[in-house]
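Single-structure report; data block below.
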Amino acid sequence: MGAARRLGVSPLVCKPSTVSPGLSAGIITQREFPIERTRHMSVDEDVRPESTGGRTPDAAEGSATGSQADGVSLYYEADPEDLVVPPDSDYVVRGVAAGGMVRAFAATTRRTVQAARDAHQSSPVVTAALGRLLTAGAIMGSMVKDDGELMTLTVRGDGPIGSLTVTADSHGHVKGYPGNADVWLPLNGSGKLDVGAAVGSGSLSVVQDVPWGEPYTSQIALATGEIGDDIAAYYAESEQVPSAVGLGVLVDTDLSVRQAGGFIVQLMPDCDEGTIERLEANLGDVRSVTEMLDDGMSPEEILGEVLRGLDFTPLRVSPTEFRCNCSRERTERVLITLGAKELQSLIDDGKPTEMVCNFCGSSYEFSVDELRALLAEATPRGARAGPDTPERA
Ligand SMILES: [Zn+2]
């Protein structure tokens with residue numbers, strides 16, 4: 001066997017240990033790409049309170065306190081403990097504006113996206129595409145209320161990347177991988193990395209796995225493939241929440257991630273016209289996320305800019321990082337689920353089998369003897385092959 005084998009929905013690729021998991025780094029070093037300066041705003045006619053309905057986001061979350069005695073103003077105050085920025089860490093900040101009529105999230109994700117770039121040795125346009133989706137995942141994971149809930153964002157397009165998969169949990173752990181990490185395209189008409197062309201047209205699906213109960217699944221057609229627009233479309237179409245989404249990844253000339261981050265700003269159903277007009281005006285002339293980050297602005301300051309004149313109040317800061325939960329034990333389980341026939345064919349190859357995690361690139365090698373032990377587990381009792389297949393301890 002030669003080609004890498006995809007194991008269904010599992011995040012693992014199976015291949016013989018003779019094949020290096022490394023990608024064609026030689027190609028990457030020959031190229032230099034200019035810094036990306038991209039803006040993704042998606043505020044348009046969708047941003048109307050009339051269009052809200054269905055699932056209603058909870059405006060009075062976080063440390064919101066106060067009373068509605070006067071019918072207008074809510075008073076929000078953060079616990080200072082909740083606003084301590086973790087040192088040397090990516091983080092997501094959340095808050096409210098316009099007296100709770102707007103809820104807002106922003107993140108700085110340079111380390112997270114760099115970790116993804118290190119894991120996948122991705123080309124600049126793939127780093128940008130995956131980085132934008134990872135940033136969205138980090139923010140959306142922070143919106144999840146229940147411990148153990150898992151959010152998976154999958155972009156499937158007809159462009160050369162093929163697909164992007166990102167999984168985020170409520171503890172700030174995100175991970176992701178591209179279908180094809182080695183995509184090289186000319187810059188787009190604005191001189192930027194052409195994420196839209198690399199992704200193409202297709203779909204975005206969002207699956208929320210809850211510990212107890214059925215997963216909540218939603219799928220929309222990609223708006224532009226630029227990711228930010230697609231996340232905004234997801235909120236508008238699937239959640240009926242008008243949202244402005246800005247996501248950006250600045251890839252440096254040495255292919256490292258110089259800046260990454262983004263924001264999601266959402267209108268609550270009671271949002272008034274004046275607030276909407278103000279937000280639209282702000283978004284019309286706000287600089288790109290990466291430009292603001294590159295100027296040293298924090299996510300809080302970015303939201304202050306996006307929500308200028310709307311009295312943005314940060315309520316909570318939470319760290320986020322690229323982290324994969326793969327392990328040798330999980331990999332063994334994946335091998336067992338391959339079934340006895342598949343395991344037997346790996347054993348018959350007579351070589352160690354290497355399993356590589358799609359999400360983080362970690363590799364786990366299994367000797368023929370270890371495969372035999374797994375075969376014993378995969379084989380139903382009573383149908384075992386005899387003394388040649390030892391029982392696992
Ligand atoms: Zn992994």
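Within each chain, counting starts at residue 1; across the structure tokens, chains are named A, B, ... in the order shown, with ligands numbered 1 upward in that order.
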Which residues of chain A have any atom within 9 Å of an atom in ligand 1 when counting only C-alpha atoms and all ligand atoms, and what is the closest pair of atoms for each, with the distance in Å to one decimal? Order the rows by chain and rising number and write it as a tab-separated table.
residue	atom	partner	partner_atom_place_in_ligand_line	distance
A:Pro11	CA	ligand 1	1 (Zn)	7.8
A:Leu12	CA	ligand 1	1 (Zn)	8.1
A:Lys175	CA	ligand 1	1 (Zn)	8.4
A:Arg323	CA	ligand 1	1 (Zn)	7.9
A:Cys324	CA	ligand 1	1 (Zn)	4.6
A:Asn325	CA	ligand 1	1 (Zn)	5.9
A:Cys326	CA	ligand 1	1 (Zn)	4.2
A:Ser327	CA	ligand 1	1 (Zn)	7.1
A:Val356	CA	ligand 1	1 (Zn)	7.8
A:Cys357	CA	ligand 1	1 (Zn)	4.6
A:Asn358	CA	ligand 1	1 (Zn)	6.6
A:Phe359	CA	ligand 1	1 (Zn)	5.0
A:Cys360	CA	ligand 1	1 (Zn)	4.2
A:Gly361	CA	ligand 1	1 (Zn)	6.0
A:Ser362	CA	ligand 1	1 (Zn)	5.4
A:Ser363	CA	ligand 1	1 (Zn)	8.2
**Expected answer as JSON, numbers by chain: strand (DSSP E or B) residues in region 226-323 of chain A** = {"A": [243, 244, 245, 246, 247, 248, 249, 250, 251, 257, 258, 259, 260, 261, 262, 263, 264, 265, 266, 267, 313, 314, 315, 316, 317, 318, 319, 320, 321, 322]}
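In terms of minimum interatomic distance to Val113 (chain A), A:Val251 ranks closest within A:Val84, A:Leu153, A:Val210, A:Val251, counting only C-alpha atoms.
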**Message:** Can you tell me, as number ranges by chain, which residues in region 189-355 of chain A count as alpha helix (DSSP H) by DSSP?
**Reply:** A: 195-199, 228-238, 273-285, 289-294, 299-306, 328-338, 340-349
Selected residues, C-alpha atoms, written as an mmCIF file, in the first residue's frame, please.
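This is the output file again05.cif:
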data_model
loop_
_atom_site.group_PDB
_atom_site.id
_atom_site.type_symbol
_atom_site.label_atom_id
_atom_site.label_comp_id
_atom_site.auth_asym_id
_atom_site.auth_seq_id
_atom_site.Cartn_x
_atom_site.Cartn_y
_atom_site.Cartn_z
ATOM 1 C CA VAL A 195 -8.880 32.714 0.143
ATOM 2 C CA GLY A 196 -12.189 32.879 -1.744
ATOM 3 C CA ALA A 197 -10.673 31.286 -4.839
ATOM 4 C CA ALA A 198 -8.785 28.695 -2.802
ATOM 5 C CA VAL A 199 -12.011 27.617 -1.088
ATOM 6 C CA GLY A 228 -15.781 35.849 7.442
ATOM 7 C CA ASP A 229 -18.668 36.383 5.032
ATOM 8 C CA ASP A 230 -19.642 32.749 5.397
ATOM 9 C CA ILE A 231 -19.750 32.882 9.195
ATOM 10 C CA ALA A 232 -21.899 36.023 8.966
ATOM 11 C CA ALA A 233 -24.195 34.214 6.523
ATOM 12 C CA TYR A 234 -24.401 31.258 8.891
ATOM 13 C CA TYR A 235 -25.596 33.477 11.731
ATOM 14 C CA ALA A 236 -28.072 35.308 9.513
ATOM 15 C CA GLU A 237 -29.536 32.210 7.878
ATOM 16 C CA SER A 238 -29.268 29.538 10.535
ATOM 17 C CA GLU A 273 -32.277 51.735 14.321
ATOM 18 C CA GLY A 274 -29.859 54.350 15.632
ATOM 19 C CA THR A 275 -27.515 51.688 16.977
ATOM 20 C CA ILE A 276 -27.623 49.788 13.690
ATOM 21 C CA GLU A 277 -26.857 52.912 11.681
ATOM 22 C CA ARG A 278 -23.985 53.783 13.954
ATOM 23 C CA LEU A 279 -22.533 50.269 13.697
ATOM 24 C CA GLU A 280 -22.856 50.274 9.925
ATOM 25 C CA ALA A 281 -21.094 53.633 9.729
ATOM 26 C CA ASN A 282 -18.313 52.354 11.990
ATOM 27 C CA LEU A 283 -17.856 49.189 9.933
ATOM 28 C CA GLY A 284 -17.746 51.283 6.780
ATOM 29 C CA ASP A 285 -14.479 52.903 7.759
ATOM 30 C CA VAL A 289 -8.407 43.347 11.815
ATOM 31 C CA THR A 290 -4.832 42.486 10.913
ATOM 32 C CA GLU A 291 -3.964 46.138 10.384
ATOM 33 C CA MET A 292 -5.292 46.996 13.811
ATOM 34 C CA LEU A 293 -3.497 44.043 15.422
ATOM 35 C CA ASP A 294 -0.309 44.950 13.610
ATOM 36 C CA PRO A 299 -9.014 42.661 20.861
ATOM 37 C CA GLU A 300 -10.699 44.968 23.410
ATOM 38 C CA GLU A 301 -9.402 48.002 21.550
ATOM 39 C CA ILE A 302 -10.546 46.559 18.235
ATOM 40 C CA LEU A 303 -14.065 46.184 19.590
ATOM 41 C CA GLY A 304 -13.824 49.699 20.989
ATOM 42 C CA GLU A 305 -13.085 50.836 17.443
ATOM 43 C CA VAL A 306 -15.786 48.743 15.760
ATOM 44 C CA ARG A 328 -2.098 6.528 21.379
ATOM 45 C CA GLU A 329 -5.186 5.105 23.093
ATOM 46 C CA ARG A 330 -7.571 6.985 20.798
ATOM 47 C CA THR A 331 -5.520 5.875 17.814
ATOM 48 C CA GLU A 332 -5.796 2.255 18.949
ATOM 49 C CA ARG A 333 -9.559 2.635 19.063
ATOM 50 C CA VAL A 334 -9.564 4.018 15.514
ATOM 51 C CA LEU A 335 -7.539 1.013 14.358
ATOM 52 C CA ILE A 336 -9.927 -1.371 16.097
ATOM 53 C CA THR A 337 -12.907 0.246 14.391
ATOM 54 C CA LEU A 338 -11.243 -0.480 11.054
ATOM 55 C CA ALA A 340 -10.667 -7.381 11.517
ATOM 56 C CA LYS A 341 -10.311 -7.613 7.747
ATOM 57 C CA GLU A 342 -8.554 -4.275 7.413
ATOM 58 C CA LEU A 343 -6.282 -4.996 10.384
ATOM 59 C CA GLN A 344 -5.393 -8.378 8.959
ATOM 60 C CA SER A 345 -4.351 -6.751 5.694
ATOM 61 C CA LEU A 346 -2.095 -4.320 7.610
ATOM 62 C CA ILE A 347 -0.574 -7.289 9.455
ATOM 63 C CA ASP A 348 -0.098 -9.153 6.190
ATOM 64 C CA ASP A 349 1.915 -6.213 4.884
#
Tell me which protein, DNA and RNA residues are within 9 Å of region 133-150 of chain A, counting only C-alpha atoms, leaving out same-chain ones fewer than 6 positions away, and put them as an mmCIF file with C-alpha atoms, in the first residue's frame.
data_model
loop_
_atom_site.group_PDB
_atom_site.id
_atom_site.type_symbol
_atom_site.label_atom_id
_atom_site.label_comp_id
_atom_site.auth_asym_id
_atom_site.auth_seq_id
_atom_site.Cartn_x
_atom_site.Cartn_y
_atom_site.Cartn_z
ATOM 1 C CA TYR A 91 -7.488 35.046 24.031
ATOM 2 C CA VAL A 92 -11.088 35.867 23.294
ATOM 3 C CA VAL A 93 -12.795 38.870 24.837
ATOM 4 C CA ARG A 94 -16.545 39.197 25.033
ATOM 5 C CA PHE A 105 -16.536 39.068 20.675
ATOM 6 C CA ALA A 106 -12.968 39.533 19.487
ATOM 7 C CA ALA A 107 -9.890 37.369 19.536
ATOM 8 C CA THR A 108 -6.193 37.489 18.952
ATOM 9 C CA THR A 109 -5.061 34.124 17.589
ATOM 10 C CA THR A 112 -3.056 29.399 17.549
ATOM 11 C CA VAL A 113 -2.754 29.933 13.801
ATOM 12 C CA ALA A 116 -1.704 25.164 12.847
ATOM 13 C CA LEU A 164 -11.355 22.991 6.074
ATOM 14 C CA THR A 165 -12.299 21.401 9.375
ATOM 15 C CA VAL A 166 -12.135 23.145 12.740
ATOM 16 C CA THR A 167 -13.233 21.831 16.110
ATOM 17 C CA ALA A 168 -13.550 24.033 19.198
ATOM 18 C CA ASP A 169 -14.629 23.365 22.749
ATOM 19 C CA SER A 170 -15.827 25.619 25.548
ATOM 20 C CA HIS A 171 -12.378 25.644 27.182
ATOM 21 C CA GLY A 172 -10.729 27.592 24.372
ATOM 22 C CA HIS A 173 -9.148 24.573 22.710
ATOM 23 C CA VAL A 174 -9.299 24.681 18.930
ATOM 24 C CA LYS A 175 -7.788 22.501 16.265
ATOM 25 C CA GLY A 176 -8.185 22.251 12.534
ATOM 26 C CA VAL A 207 -22.279 20.829 14.205
ATOM 27 C CA GLN A 208 -22.758 21.376 17.922
ATOM 28 C CA ASP A 209 -22.182 18.177 19.832
ATOM 29 C CA VAL A 210 -23.716 18.183 23.257
ATOM 30 C CA PRO A 211 -22.699 15.630 25.901
ATOM 31 C CA ILE A 227 -14.791 32.601 5.680
ATOM 32 C CA GLY A 228 -15.781 35.849 7.442
ATOM 33 C CA ILE A 231 -19.750 32.882 9.195
ATOM 34 C CA VAL A 245 -17.784 39.324 11.160
ATOM 35 C CA LEU A 247 -11.456 37.765 10.366
ATOM 36 C CA GLY A 248 -7.890 38.236 9.271
ATOM 37 C CA ALA A 260 -4.287 36.719 13.331
ATOM 38 C CA GLY A 261 -7.553 37.568 14.930
ATOM 39 C CA GLY A 262 -11.083 38.634 14.393
ATOM 40 C CA PHE A 263 -14.368 39.838 15.767
ATOM 41 C CA ILE A 264 -18.015 38.873 15.713
ATOM 42 C CA SER A 318 -10.694 33.759 28.186
ATOM 43 C CA THR A 320 -7.583 30.104 23.638
ATOM 44 C CA GLU A 321 -5.017 27.795 22.051
ATOM 45 C CA PHE A 322 -4.449 25.196 19.366
#
**Message:** If I take CA of Asp90 (chain A) and CA of Phe312 (chain A), how far is one from the other in Å, to one decimal?
**Reply:**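 About the pair CA of Asp90 (chain A) and CA of Phe312 (chain A): they are 20.8 Å apart.
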**Item:** Who sits within 7 Å of region 102-104 of chain A, only C-alpha atoms, same chain under 6 positions skipped, as a PyMOL selection string
**Value:** chain A and resi 59+94-96+264-268
Output N, CA and C atoms for every residue in that selection, as a compact mmCIF listing (two decimals), in the first residue's frame.
# COMPACT_ATOMS: atom_id res chain seq x y z
N ALA A 59 -28.89 38.08 25.71
CA ALA A 59 -28.16 39.35 25.83
C ALA A 59 -27.63 39.55 27.24
N ARG A 94 -15.13 39.02 25.35
CA ARG A 94 -16.54 39.20 25.03
C ARG A 94 -17.09 40.35 25.84
N GLY A 95 -18.09 41.00 25.28
CA GLY A 95 -18.67 42.12 25.99
C GLY A 95 -19.98 42.54 25.35
N VAL A 96 -20.46 43.67 25.79
CA VAL A 96 -21.72 44.19 25.26
C VAL A 96 -21.55 45.66 24.91
N ILE A 264 -16.63 39.15 16.09
CA ILE A 264 -18.02 38.87 15.71
C ILE A 264 -18.88 39.80 16.57
N VAL A 265 -19.66 40.63 15.90
CA VAL A 265 -20.54 41.57 16.59
C VAL A 265 -21.97 41.23 16.20
N GLN A 266 -22.83 41.06 17.19
CA GLN A 266 -24.19 40.58 16.91
C GLN A 266 -25.25 41.51 17.49
N LEU A 267 -26.31 41.67 16.73
CA LEU A 267 -27.41 42.53 17.16
C LEU A 267 -28.47 41.70 17.87
N MET A 268 -28.86 42.19 19.02
CA MET A 268 -29.94 41.53 19.75
C MET A 268 -31.27 41.96 19.14
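Going from CA of Glu377 (chain A) over to CA of Trp212 (chain A), you cover 27.6 Å.
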